[in-house]
>>> print(open('my_file27.txt').read())   # compact mmCIF, C-alpha atoms and all ligand atoms
# COMPACT_ATOMS: atom_id res chain seq x y z
CA MET B 14 77.12 112.01 54.78
CA ASN B 15 80.70 111.15 55.70
CA THR B 16 82.30 113.70 53.46
CA GLN B 17 85.82 112.70 54.53
CA CYS B 18 85.68 109.80 52.08
CA TRP B 19 86.07 112.26 49.19
CA ILE B 20 89.43 113.62 50.43
CA GLY B 21 92.23 112.87 47.97
CA MET B 22 89.80 111.80 45.26
CA PRO B 23 90.25 113.07 41.67
CA VAL B 24 87.66 115.77 41.05
CA GLU B 25 86.19 113.82 38.11
CA GLN B 26 85.07 111.08 40.51
CA LEU B 27 82.92 113.35 42.67
CA PRO B 28 79.17 112.82 42.75
CA THR B 29 77.48 115.55 40.72
CA PRO B 30 76.36 118.24 40.68
CA ALA B 31 79.27 119.34 42.87
CA LEU B 32 80.37 122.84 43.80
CA VAL B 33 84.12 122.98 43.22
CA VAL B 34 86.67 125.64 44.11
CA ASP B 35 90.21 125.52 42.79
CA ILE B 36 92.34 126.48 45.80
CA GLU B 37 95.33 127.68 43.79
CA LYS B 38 93.21 130.02 41.69
CA LEU B 39 91.38 131.23 44.79
CA ASP B 40 94.68 131.99 46.51
CA ARG B 41 96.04 133.76 43.43
CA ASN B 42 92.90 135.94 43.38
CA LEU B 43 93.44 136.80 47.05
CA ALA B 44 97.09 137.65 46.37
CA THR B 45 96.29 139.73 43.27
CA MET B 46 93.81 141.81 45.26
CA ALA B 47 96.12 142.10 48.29
CA ASP B 48 99.11 143.19 46.16
CA TYR B 49 97.04 145.84 44.40
CA LEU B 50 95.57 147.22 47.62
CA ALA B 51 98.97 147.30 49.32
CA ARG B 52 100.23 149.43 46.42
CA VAL B 53 97.36 151.92 46.63
CA LYS B 54 97.15 151.75 50.44
CA THR B 55 93.45 150.94 50.67
CA ASN B 56 91.86 148.31 52.92
CA ILE B 57 89.53 145.51 51.97
CA ARG B 58 86.55 144.26 53.93
CA PRO B 59 85.47 141.50 51.52
CA HIS B 60 81.81 140.67 51.19
CA ALA B 61 81.17 137.23 52.71
CA LYS B 62 77.80 136.90 50.96
CA THR B 63 79.81 135.55 48.02
CA HIS B 64 81.11 132.47 49.84
CA LYS B 65 79.19 132.18 53.16
CA THR B 66 82.10 129.96 54.14
CA PRO B 67 84.21 130.60 57.26
CA ALA B 68 87.19 128.71 55.80
CA ILE B 69 87.33 131.30 53.01
CA GLY B 70 86.64 134.24 55.35
CA HIS B 71 89.69 133.27 57.40
CA ARG B 72 91.78 132.96 54.22
CA GLN B 73 90.73 136.53 53.36
CA MET B 74 91.73 137.71 56.85
CA ARG B 75 95.14 136.05 56.45
CA ALA B 76 95.45 137.90 53.11
CA GLY B 77 95.09 141.21 54.96
CA ALA B 78 91.36 141.95 55.18
CA VAL B 79 90.37 144.32 58.01
CA GLY B 80 87.16 142.35 58.63
CA LEU B 81 84.28 140.99 56.57
CA CYS B 82 81.04 142.42 55.21
CA CYS B 83 77.95 140.30 55.72
CA ALA B 84 74.55 140.61 54.08
CA THR B 85 72.47 139.42 57.03
CA VAL B 86 72.67 139.18 60.80
CA GLY B 87 72.77 135.39 60.49
CA GLU B 88 75.76 135.56 58.14
CA ALA B 89 77.49 137.92 60.59
CA GLU B 90 76.81 135.49 63.46
CA VAL B 91 78.31 132.56 61.56
CA MET B 92 81.42 134.53 60.63
CA ALA B 93 81.90 136.11 64.07
CA TYR B 94 81.37 132.84 65.93
CA SER B 95 83.95 131.22 63.65
CA GLY B 96 86.47 133.76 64.99
CA ILE B 97 86.34 136.65 62.50
CA PRO B 98 87.06 139.61 64.80
CA GLU B 99 85.09 142.35 62.99
CA VAL B 100 81.95 142.05 60.86
CA MET B 101 80.02 144.77 59.09
CA ILE B 102 76.36 144.04 58.46
CA ALA B 103 76.21 145.81 55.11
CA ASN B 104 72.43 146.13 55.00
CA GLU B 105 69.94 148.00 57.17
CA VAL B 106 68.65 145.90 60.11
CA VAL B 107 65.27 147.05 61.36
CA ASP B 108 63.07 144.30 62.71
CA PRO B 109 63.34 144.17 66.52
CA LEU B 110 64.46 140.56 66.75
CA SER B 111 67.21 141.08 64.17
CA VAL B 112 68.29 144.28 65.94
CA ARG B 113 68.58 142.33 69.22
CA ARG B 114 70.62 139.61 67.52
CA ALA B 115 72.96 142.15 65.91
CA VAL B 116 73.42 144.11 69.13
CA ASN B 117 74.02 140.94 71.13
CA LEU B 118 76.65 139.94 68.57
CA ALA B 119 78.40 143.22 69.33
CA ARG B 120 79.12 141.79 72.80
CA GLN B 121 81.00 138.88 71.20
CA ALA B 122 82.83 140.61 68.31
CA ARG B 123 83.28 144.07 66.82
CA VAL B 124 80.10 144.75 64.84
CA LEU B 125 79.49 147.60 62.43
CA MET B 126 75.94 148.38 61.40
CA ILE B 127 74.73 150.70 58.66
CA VAL B 128 71.75 153.00 59.07
CA ASP B 129 69.64 155.28 56.92
CA ASP B 130 66.73 156.08 59.25
CA PRO B 131 66.68 158.15 62.47
CA GLN B 132 64.11 155.93 64.22
CA ASN B 133 66.22 152.89 63.44
CA VAL B 134 69.21 154.71 64.98
CA ARG B 135 67.22 155.29 68.17
CA ASP B 136 66.01 151.67 68.25
CA ILE B 137 69.50 150.23 67.84
CA GLY B 138 70.78 152.65 70.51
CA ALA B 139 68.04 151.66 72.97
CA THR B 140 68.82 147.97 72.42
CA ALA B 141 72.54 148.61 72.81
CA ARG B 142 71.97 150.33 76.16
CA GLN B 143 69.67 147.52 77.28
CA TYR B 144 72.37 144.94 76.40
CA GLY B 145 75.27 147.00 77.75
CA ALA B 146 76.86 146.92 74.28
CA THR B 147 78.48 149.54 72.09
CA VAL B 148 77.65 149.29 68.41
CA ASP B 149 79.76 150.92 65.72
CA VAL B 150 77.71 152.63 63.05
CA LEU B 151 78.25 153.87 59.50
CA VAL B 152 75.72 156.19 57.93
CA ASP B 153 74.53 154.97 54.52
CA LEU B 154 74.49 157.35 51.56
CA ASP B 155 72.83 156.46 48.26
CA VAL B 156 75.57 157.00 45.67
CA GLY B 157 73.39 156.19 42.67
CA LEU B 158 72.24 152.60 43.24
CA ASP B 159 68.79 153.89 44.15
CA ARG B 160 68.32 151.26 46.85
CA CYS B 161 68.80 152.11 50.53
CA GLY B 162 70.75 155.09 51.87
CA ALA B 163 70.15 158.77 52.58
CA ARG B 164 69.14 160.62 49.43
CA SER B 165 70.77 163.95 50.30
CA LEU B 166 73.74 165.33 52.18
CA GLU B 167 71.38 167.15 54.54
CA ALA B 168 69.60 163.88 55.39
CA LEU B 169 72.97 162.19 55.95
CA VAL B 170 74.17 164.95 58.26
CA ALA B 171 70.94 164.76 60.29
CA LEU B 172 71.35 160.99 60.52
CA ALA B 173 74.96 161.24 61.66
CA GLN B 174 73.95 163.81 64.29
CA GLU B 175 71.30 161.40 65.53
CA VAL B 176 73.95 158.66 65.84
CA GLU B 177 76.23 161.02 67.77
CA ARG B 178 73.41 161.93 70.17
CA THR B 179 72.51 158.29 70.81
CA LYS B 180 74.21 156.60 73.75
CA GLY B 181 75.33 153.05 72.99
CA LEU B 182 76.32 153.94 69.41
CA ARG B 183 79.64 155.11 68.05
CA LEU B 184 79.85 156.82 64.66
CA ARG B 185 82.73 155.31 62.65
CA GLY B 186 82.15 156.55 59.12
CA VAL B 187 80.16 156.53 55.92
CA PHE B 188 78.98 153.76 53.63
CA GLY B 189 77.98 154.02 49.96
CA TYR B 190 77.86 151.07 47.58
CA GLU B 191 77.91 151.93 43.87
CA GLY B 192 76.18 148.73 42.74
CA GLN B 193 74.82 150.39 39.60
CA VAL B 194 78.36 150.68 38.20
CA GLN B 195 79.74 147.16 38.77
CA PHE B 196 78.93 145.54 35.43
CA ILE B 197 79.34 148.43 33.00
CA ALA B 198 81.38 146.81 30.23
CA ASP B 199 83.02 149.96 28.90
CA ARG B 200 86.03 150.66 31.12
CA GLN B 201 85.97 154.42 30.60
CA GLU B 202 82.29 154.68 31.41
CA ARG B 203 82.69 152.41 34.44
CA THR B 204 85.56 154.54 35.68
CA ALA B 205 83.71 157.83 35.18
CA LYS B 206 80.55 156.62 36.89
CA GLY B 207 82.47 154.88 39.68
CA GLN B 208 84.49 158.02 40.35
CA ASP B 209 81.31 160.09 40.41
CA SER B 210 79.84 157.82 43.12
CA ASN B 211 83.12 157.76 45.05
CA ALA B 212 83.29 161.57 44.90
CA ARG B 213 79.79 161.83 46.39
CA LEU B 214 80.78 159.56 49.25
CA VAL B 215 84.08 161.31 49.95
CA ARG B 216 82.40 164.73 49.79
CA ALA B 217 79.91 163.53 52.42
CA ALA B 218 82.72 162.14 54.58
CA LYS B 219 84.51 165.51 54.44
CA GLU B 220 81.34 167.37 55.32
CA LEU B 221 80.82 165.21 58.42
CA SER B 222 84.49 165.45 59.43
CA GLY B 223 84.24 169.21 58.98
CA LEU B 224 81.45 169.22 61.54
CA GLY B 225 83.80 167.54 63.99
CA MET B 226 82.44 164.02 63.59
CA ASN B 227 84.52 160.85 63.74
CA ILE B 228 84.86 159.55 60.17
CA GLU B 229 87.55 156.84 60.07
CA ILE B 230 85.86 154.56 57.55
CA VAL B 231 84.73 155.49 54.04
CA SER B 232 83.47 152.21 52.59
CA GLY B 233 82.11 151.16 49.20
CA ALA B 234 82.87 149.30 45.95
CA GLY B 235 82.62 145.80 44.58
CA THR B 236 84.64 143.64 42.22
CA GLY B 237 83.77 145.74 39.16
CA THR B 238 85.00 148.95 40.79
CA TYR B 239 87.76 147.60 43.06
CA ASP B 240 90.51 149.50 41.24
CA ILE B 241 88.43 152.63 40.70
CA ALA B 242 87.49 153.08 44.36
CA GLY B 243 90.81 151.50 45.41
CA GLU B 244 92.72 154.49 44.20
CA PHE B 245 90.12 157.19 44.74
CA PRO B 246 91.50 159.61 47.36
CA GLY B 247 89.47 159.41 50.54
CA ILE B 248 87.97 155.92 50.09
CA THR B 249 89.48 153.90 52.95
CA GLU B 250 88.19 150.43 52.12
CA ILE B 251 86.47 148.36 49.45
CA GLN B 252 83.85 145.64 49.89
CA ALA B 253 84.46 143.41 46.85
CA GLY B 254 83.13 139.86 47.13
CA SER B 255 83.10 138.04 43.79
CA TYR B 256 86.80 138.60 42.98
CA ILE B 257 87.65 135.39 44.85
CA PHE B 258 85.55 133.16 42.55
CA MET B 259 84.63 135.28 39.52
CA ASP B 260 81.68 134.29 37.32
CA GLY B 261 80.33 134.67 33.80
CA THR B 262 79.25 138.25 34.40
CA TYR B 263 82.54 139.50 35.84
CA GLN B 264 84.59 137.52 33.27
CA LYS B 265 83.26 139.92 30.62
CA LEU B 266 85.06 142.85 32.26
CA GLY B 267 88.57 141.46 31.70
CA LEU B 268 89.57 141.76 35.35
CA PRO B 269 92.86 140.18 36.55
CA PHE B 270 91.09 137.45 38.57
CA GLU B 271 90.72 133.79 37.63
CA GLN B 272 87.59 131.67 37.45
CA SER B 273 88.09 129.55 40.59
CA LEU B 274 84.49 128.38 41.13
CA THR B 275 82.68 125.86 38.95
CA VAL B 276 79.87 123.35 39.18
CA LEU B 277 80.88 119.89 38.02
CA ALA B 278 78.13 118.06 36.13
CA THR B 279 77.73 114.70 34.38
CA VAL B 280 76.31 113.98 30.92
CA VAL B 281 73.25 111.84 31.61
CA SER B 282 71.80 111.66 28.09
CA ARG B 283 72.77 112.16 24.44
CA PRO B 284 69.31 112.20 22.88
CA SER B 285 70.63 113.29 19.45
CA ALA B 286 73.91 114.07 17.69
CA ASP B 287 73.80 117.75 18.62
CA LEU B 288 72.35 117.56 22.14
CA ALA B 289 73.77 116.58 25.52
CA VAL B 290 71.84 116.69 28.78
CA PHE B 291 73.71 117.24 32.06
CA ASP B 292 72.58 116.52 35.62
CA VAL B 293 72.70 120.12 36.81
CA GLY B 294 69.67 122.35 36.70
CA LEU B 295 68.14 125.27 38.53
CA LYS B 296 68.69 123.57 41.90
CA GLY B 297 72.44 123.29 41.26
CA ILE B 298 73.46 126.43 39.39
CA SER B 299 72.06 129.94 39.22
CA PRO B 300 71.13 131.23 35.75
CA GLU B 301 70.31 134.56 37.38
CA ARG B 302 71.81 136.79 34.69
CA PHE B 303 72.21 134.36 31.78
CA ASN B 304 72.73 130.64 31.26
CA PRO B 305 75.98 129.06 32.51
CA SER B 306 78.86 128.32 30.16
CA VAL B 307 80.65 124.98 29.92
CA GLN B 308 84.44 124.68 30.23
CA GLY B 309 86.89 122.35 28.56
CA CYS B 310 84.96 120.85 25.67
CA GLY B 311 87.96 120.52 23.36
CA ALA B 312 87.74 121.95 19.85
CA GLY B 313 83.97 122.31 19.94
CA ALA B 314 81.53 124.28 21.97
CA ILE B 315 78.72 123.35 24.29
CA GLU B 316 76.01 125.93 24.70
CA VAL B 317 73.45 125.68 27.47
CA LYS B 318 70.03 126.05 25.85
CA SER B 319 67.75 125.59 28.82
CA LEU B 320 67.67 124.57 32.45
CA SER B 321 64.94 122.78 34.34
CA GLU B 322 65.07 121.72 37.99
CA GLU B 323 67.59 118.89 37.59
CA HIS B 324 68.79 119.16 33.98
CA SER B 325 70.68 121.38 31.55
CA VAL B 326 69.99 120.78 27.89
CA THR B 327 73.02 121.79 25.83
CA ARG B 328 73.64 122.14 22.10
CA LEU B 329 76.92 120.77 20.74
CA SER B 330 78.93 122.25 17.90
CA GLY B 331 82.27 121.55 16.24
CA ALA B 332 84.06 118.52 17.64
CA ALA B 333 82.31 118.55 21.02
CA ALA B 334 81.04 115.02 21.63
CA PRO B 335 80.79 114.26 25.35
CA LYS B 336 79.63 110.76 26.23
CA PRO B 337 77.13 109.78 28.90
CA GLY B 338 79.14 109.64 32.13
CA ASP B 339 81.61 112.37 31.08
CA LYS B 340 81.97 115.22 33.58
CA LEU B 341 82.50 118.87 32.71
CA HIS B 342 82.72 122.12 34.66
CA PHE B 343 79.97 124.73 34.37
CA VAL B 344 80.61 128.43 35.08
CA PRO B 345 77.62 130.25 36.60
CA SER B 346 76.63 133.75 35.52
CA HIS B 347 76.52 134.72 39.21
CA CYS B 348 78.75 133.05 41.81
CA CYS B 349 76.97 134.30 44.95
CA THR B 350 73.53 132.89 44.14
CA THR B 351 75.10 129.59 43.03
CA VAL B 352 77.12 129.05 46.23
CA ASN B 353 73.94 129.58 48.23
CA LEU B 354 72.52 126.37 46.70
CA TYR B 355 75.09 124.12 48.40
CA ASP B 356 75.82 122.97 51.96
CA SER B 357 79.51 122.49 51.20
CA MET B 358 82.08 123.02 48.49
CA PHE B 359 84.90 120.75 47.36
CA ALA B 360 88.23 122.57 47.64
CA VAL B 361 90.48 121.08 44.98
CA ARG B 362 94.22 121.36 44.36
CA GLN B 363 95.80 120.03 41.17
CA GLY B 364 92.62 118.13 40.39
CA ARG B 365 92.28 116.34 43.75
CA VAL B 366 90.01 117.09 46.69
CA GLU B 367 92.04 118.68 49.50
CA ALA B 368 89.21 119.76 51.80
CA ILE B 369 85.45 120.05 52.03
CA TRP B 370 84.42 123.46 53.28
CA PRO B 371 80.99 123.89 54.87
CA VAL B 372 78.96 126.77 53.42
CA ALA B 373 78.01 127.37 57.03
CA ALA B 374 76.13 130.63 56.51
CA ARG B 375 73.87 129.17 53.83
CA ARG B 376 70.28 130.24 54.59
CA ALA B 377 71.63 132.28 57.56
C1 LIG K 1 76.83 146.25 49.98
C2 LIG K 1 77.61 145.54 48.94
N1 LIG K 1 78.94 145.72 48.91
C3 LIG K 1 79.69 145.12 47.97
C4 LIG K 1 79.12 144.30 47.02
C5 LIG K 1 80.03 143.77 45.94
O1 LIG K 1 80.01 142.48 45.67
P1 LIG K 1 80.72 141.88 44.37
O2 LIG K 1 82.15 142.16 44.49
O3 LIG K 1 80.39 140.44 44.54
O4 LIG K 1 80.07 142.47 43.19
C6 LIG K 1 77.74 144.08 47.02
C7 LIG K 1 77.11 143.23 46.02
O5 LIG K 1 75.93 143.05 45.90
C8 LIG K 1 76.96 144.72 48.02
O6 LIG K 1 75.63 144.57 48.07
>>> encode(input="my_file27.txt", output="structure tokens")
Amino acid sequence: MNTQCWIGMPVEQLPTPALVVDIEKLDRNLATMADYLARVKTNIRPHAKTHKTPAIGHRQMRAGAVGLCCATVGEAEVMAYSGIPEVMIANEVVDPLSVRRAVNLARQARVLMIVDDPQNVRDIGATARQYGATVDVLVDLDVGLDRCGARSLEALVALAQEVERTKGLRLRGVFGYEGQVQFIADRQERTAKGQDSNARLVRAAKELSGLGMNIEIVSGAGTGTYDIAGEFPGITEIQAGSYIFMDGTYQKLGLPFEQSLTVLATVVSRPSADLAVFDVGLKGISPERFNPSVQGCGAGAIEVKSLSEEHSVTRLSGAAAPKPGDKLHFVPSHCCTTVNLYDSMFAVRQGRVEAIWPVAARRA
């Protein structure tokens, strides 16, 4: 498809469903985060799983990021080969082929890997020596998410000692993502639980430093805890991802970020007075946490009742009366799983397409 033909076009004329990002809102989100972190003197290594889009990764670097987090080796390759100088693969990498890819990438860019298993440490080290590479490593502590990560301080210390003993690896710090806290609606509870996780991570960092180990990086946090971890003494960087786009889930927390990402959809049927059917379904928007909401329907409301592969069936109330052919913006409940459905996104300024950004790390 010659996507250039959409440049300059009013957003309402785009073929739907279309993934749309409002550049001005995106940039304001970047600036809001950067201003806050400058005040509290904490770094950001934003999670690129949210956008999978080098054009946005480079915007984050220009806004002061120290590097990017990536969910997979493929995502890290796409970001590093686009010129991002430092990528953290923020998940354990264990299968031998993926380890070789990650270690090879460390010869092209600065790569940080996270580990929670001594054998994996030895395997990455052996591959690093074979490739003549040095890989930076953070040891992963479970801070309550109950996913990966060492389950005790003793296990973490043993792991860090293994990293220190292993030629080809360089211990850089500790990693602990408090995913279980991100969406807690009550601010006080979110703060208390976030601080508890942060305290566990910082305590571990101090323990390792006390043993003479090199702990420069203490990394955790997402969008829901950015300003809890951001000002927690000892946390050096946060990994927030969704703050750039926001979504229905994060909107409920009242954070100071704007909804910059939407899916534009067209009314394709008005089967009855209170129903409208749009041309976006499960293949165009993720209902992962709950159904999407619909923006800008005047005095009325449009509630998404159900989604099938290509359709959303919505119920109209009040004065909402969209006609077949009308286009409206849908807000997904989760931005990251929605972006992953598209090969590119339309970057829009003042209602007109300014650029089309490839979601280059999609499926990577
Ligand atoms: C390791 C890690 N860091 C940070 C995040 C935060 O992402 P977000 O800000 O999108 O919630 C996630 C989300 O899943 C994650 O897995």
>>> residues_around(input="my_file27.txt", residues="segment 242-259 of chain B", least_positions_apart="6", cutoff="6 Å", atoms="all atoms listed in the file", output="ChimeraX atom specification")
/B:39,42,53,55-60,63,215,230-236,272-274
>>> write_last_selection(input="my_file27.txt", atoms="C-alpha atoms", output="PDB file, in the coordinates of the input")
ATOM      1  CA  LEU B  39      91.380 131.230  44.790  1.00  0.00           C
ATOM      2  CA  ASN B  42      92.900 135.940  43.380  1.00  0.00           C
ATOM      3  CA  VAL B  53      97.360 151.920  46.630  1.00  0.00           C
ATOM      4  CA  THR B  55      93.450 150.940  50.670  1.00  0.00           C
ATOM      5  CA  ASN B  56      91.860 148.310  52.920  1.00  0.00           C
ATOM      6  CA  ILE B  57      89.530 145.510  51.970  1.00  0.00           C
ATOM      7  CA  ARG B  58      86.550 144.260  53.930  1.00  0.00           C
ATOM      8  CA  PRO B  59      85.470 141.500  51.520  1.00  0.00           C
ATOM      9  CA  HIS B  60      81.810 140.670  51.190  1.00  0.00           C
ATOM     10  CA  THR B  63      79.810 135.550  48.020  1.00  0.00           C
ATOM     11  CA  VAL B 215      84.080 161.310  49.950  1.00  0.00           C
ATOM     12  CA  ILE B 230      85.860 154.560  57.550  1.00  0.00           C
ATOM     13  CA  VAL B 231      84.730 155.490  54.040  1.00  0.00           C
ATOM     14  CA  SER B 232      83.470 152.210  52.590  1.00  0.00           C
ATOM     15  CA  GLY B 233      82.110 151.160  49.200  1.00  0.00           C
ATOM     16  CA  ALA B 234      82.870 149.300  45.950  1.00  0.00           C
ATOM     17  CA  GLY B 235      82.620 145.800  44.580  1.00  0.00           C
ATOM     18  CA  THR B 236      84.640 143.640  42.220  1.00  0.00           C
ATOM     19  CA  GLN B 272      87.590 131.670  37.450  1.00  0.00           C
ATOM     20  CA  SER B 273      88.090 129.550  40.590  1.00  0.00           C
ATOM     21  CA  LEU B 274      84.490 128.380  41.130  1.00  0.00           C
TER      22      LEU B 274
END
>>> closest_residue(input="my_file27.txt", among="B:Val344, B:Leu224, B:Val194, B:Ala333", to="ligand LIG 1 (chain K)", atoms="only C-alpha atoms and all ligand atoms")
B:Val194
>>> closest_residue(input="my_file27.txt", among="B:Glu322, B:Glu105, B:Glu167, B:Asp292", to="Phe343 of chain B", atoms="only C-alpha atoms")
B:Asp292
>>> residues_around(input="my_file27.txt", residues="Ile36 of chain B", least_positions_apart="4", cutoff="6 Å", atoms="all atoms listed in the file", output="PDB file with C-alpha atoms, in the coordinates of the input")
ATOM      1  CA  ALA B 360      88.230 122.570  47.640  1.00  0.00           C
ATOM      2  CA  VAL B 361      90.480 121.080  44.980  1.00  0.00           C
ATOM      3  CA  ARG B 362      94.220 121.360  44.360  1.00  0.00           C
TER       4      ARG B 362
END
>>> closest_residue(input="my_file27.txt", among="B:Gly207, B:Gly313, B:Pro337, B:Gly192", to="ligand LIG 1 (chain K)", atoms="only C-alpha atoms and all ligand atoms")
B:Gly192
>>> atom_distance(input="my_file27.txt", atom1="atom CA of Glu367 of chain B", atom2="atom CA of Met22 of chain B")
8.4 Å
>>> residues_around(input="my_file27.txt", residues="Val352 of chain B", least_positions_apart="3", cutoff="12 Å", atoms="only C-alpha atoms", output="PDB file with C-alpha atoms, in the frame of the given file")
ATOM      1  CA  ALA B  31      79.270 119.340  42.870  1.00  0.00           C
ATOM      2  CA  LEU B  32      80.370 122.840  43.800  1.00  0.00           C
ATOM      3  CA  VAL B  33      84.120 122.980  43.220  1.00  0.00           C
ATOM      4  CA  VAL B  34      86.670 125.640  44.110  1.00  0.00           C
ATOM      5  CA  ALA B  61      81.170 137.230  52.710  1.00  0.00           C
ATOM      6  CA  LYS B  62      77.800 136.900  50.960  1.00  0.00           C
ATOM      7  CA  THR B  63      79.810 135.550  48.020  1.00  0.00           C
ATOM      8  CA  HIS B  64      81.110 132.470  49.840  1.00  0.00           C
ATOM      9  CA  LYS B  65      79.190 132.180  53.160  1.00  0.00           C
ATOM     10  CA  THR B  66      82.100 129.960  54.140  1.00  0.00           C
ATOM     11  CA  SER B 255      83.100 138.040  43.790  1.00  0.00           C
ATOM     12  CA  PHE B 258      85.550 133.160  42.550  1.00  0.00           C
ATOM     13  CA  MET B 259      84.630 135.280  39.520  1.00  0.00           C
ATOM     14  CA  ASP B 260      81.680 134.290  37.320  1.00  0.00           C
ATOM     15  CA  LEU B 274      84.490 128.380  41.130  1.00  0.00           C
ATOM     16  CA  THR B 275      82.680 125.860  38.950  1.00  0.00           C
ATOM     17  CA  VAL B 276      79.870 123.350  39.180  1.00  0.00           C
ATOM     18  CA  LYS B 296      68.690 123.570  41.900  1.00  0.00           C
ATOM     19  CA  GLY B 297      72.440 123.290  41.260  1.00  0.00           C
ATOM     20  CA  ILE B 298      73.460 126.430  39.390  1.00  0.00           C
ATOM     21  CA  SER B 299      72.060 129.940  39.220  1.00  0.00           C
ATOM     22  CA  VAL B 344      80.610 128.430  35.080  1.00  0.00           C
ATOM     23  CA  PRO B 345      77.620 130.250  36.600  1.00  0.00           C
ATOM     24  CA  SER B 346      76.630 133.750  35.520  1.00  0.00           C
ATOM     25  CA  HIS B 347      76.520 134.720  39.210  1.00  0.00           C
ATOM     26  CA  CYS B 348      78.750 133.050  41.810  1.00  0.00           C
ATOM     27  CA  CYS B 349      76.970 134.300  44.950  1.00  0.00           C
ATOM     28  CA  TYR B 355      75.090 124.120  48.400  1.00  0.00           C
ATOM     29  CA  ASP B 356      75.820 122.970  51.960  1.00  0.00           C
ATOM     30  CA  SER B 357      79.510 122.490  51.200  1.00  0.00           C
ATOM     31  CA  MET B 358      82.080 123.020  48.490  1.00  0.00           C
ATOM     32  CA  PHE B 359      84.900 120.750  47.360  1.00  0.00           C
ATOM     33  CA  TRP B 370      84.420 123.460  53.280  1.00  0.00           C
ATOM     34  CA  PRO B 371      80.990 123.890  54.870  1.00  0.00           C
ATOM     35  CA  VAL B 372      78.960 126.770  53.420  1.00  0.00           C
ATOM     36  CA  ALA B 373      78.010 127.370  57.030  1.00  0.00           C
ATOM     37  CA  ALA B 374      76.130 130.630  56.510  1.00  0.00           C
ATOM     38  CA  ARG B 375      73.870 129.170  53.830  1.00  0.00           C
ATOM     39  CA  ARG B 376      70.280 130.240  54.590  1.00  0.00           C
TER      40      ARG B 376
END
>>> closest_residue(input="my_file27.txt", among="B:Phe270, B:Phe291, B:Phe196, B:Phe303", to="ligand LIG 1 (chain K)", atoms="all atoms listed in the file")
B:Phe196
>>> atom_distance(input="my_file27.txt", atom1="atom CA of Val281 of chain B", atom2="atom CA of Ala314 of chain B")
17.8 Å
>>> closest_residue(input="my_file27.txt", among="B:Lys336, B:Lys318, B:Arg160, B:Arg183", to="ligand LIG 1 (chain K)", atoms="all atoms listed in the file")
B:Arg160
>>> closest_residue(input="my_file27.txt", among="B:Ser95, B:Thr350, B:Gln363, B:Thr279", to="Pro300 of chain B", atoms="only C-alpha atoms")
B:Thr350
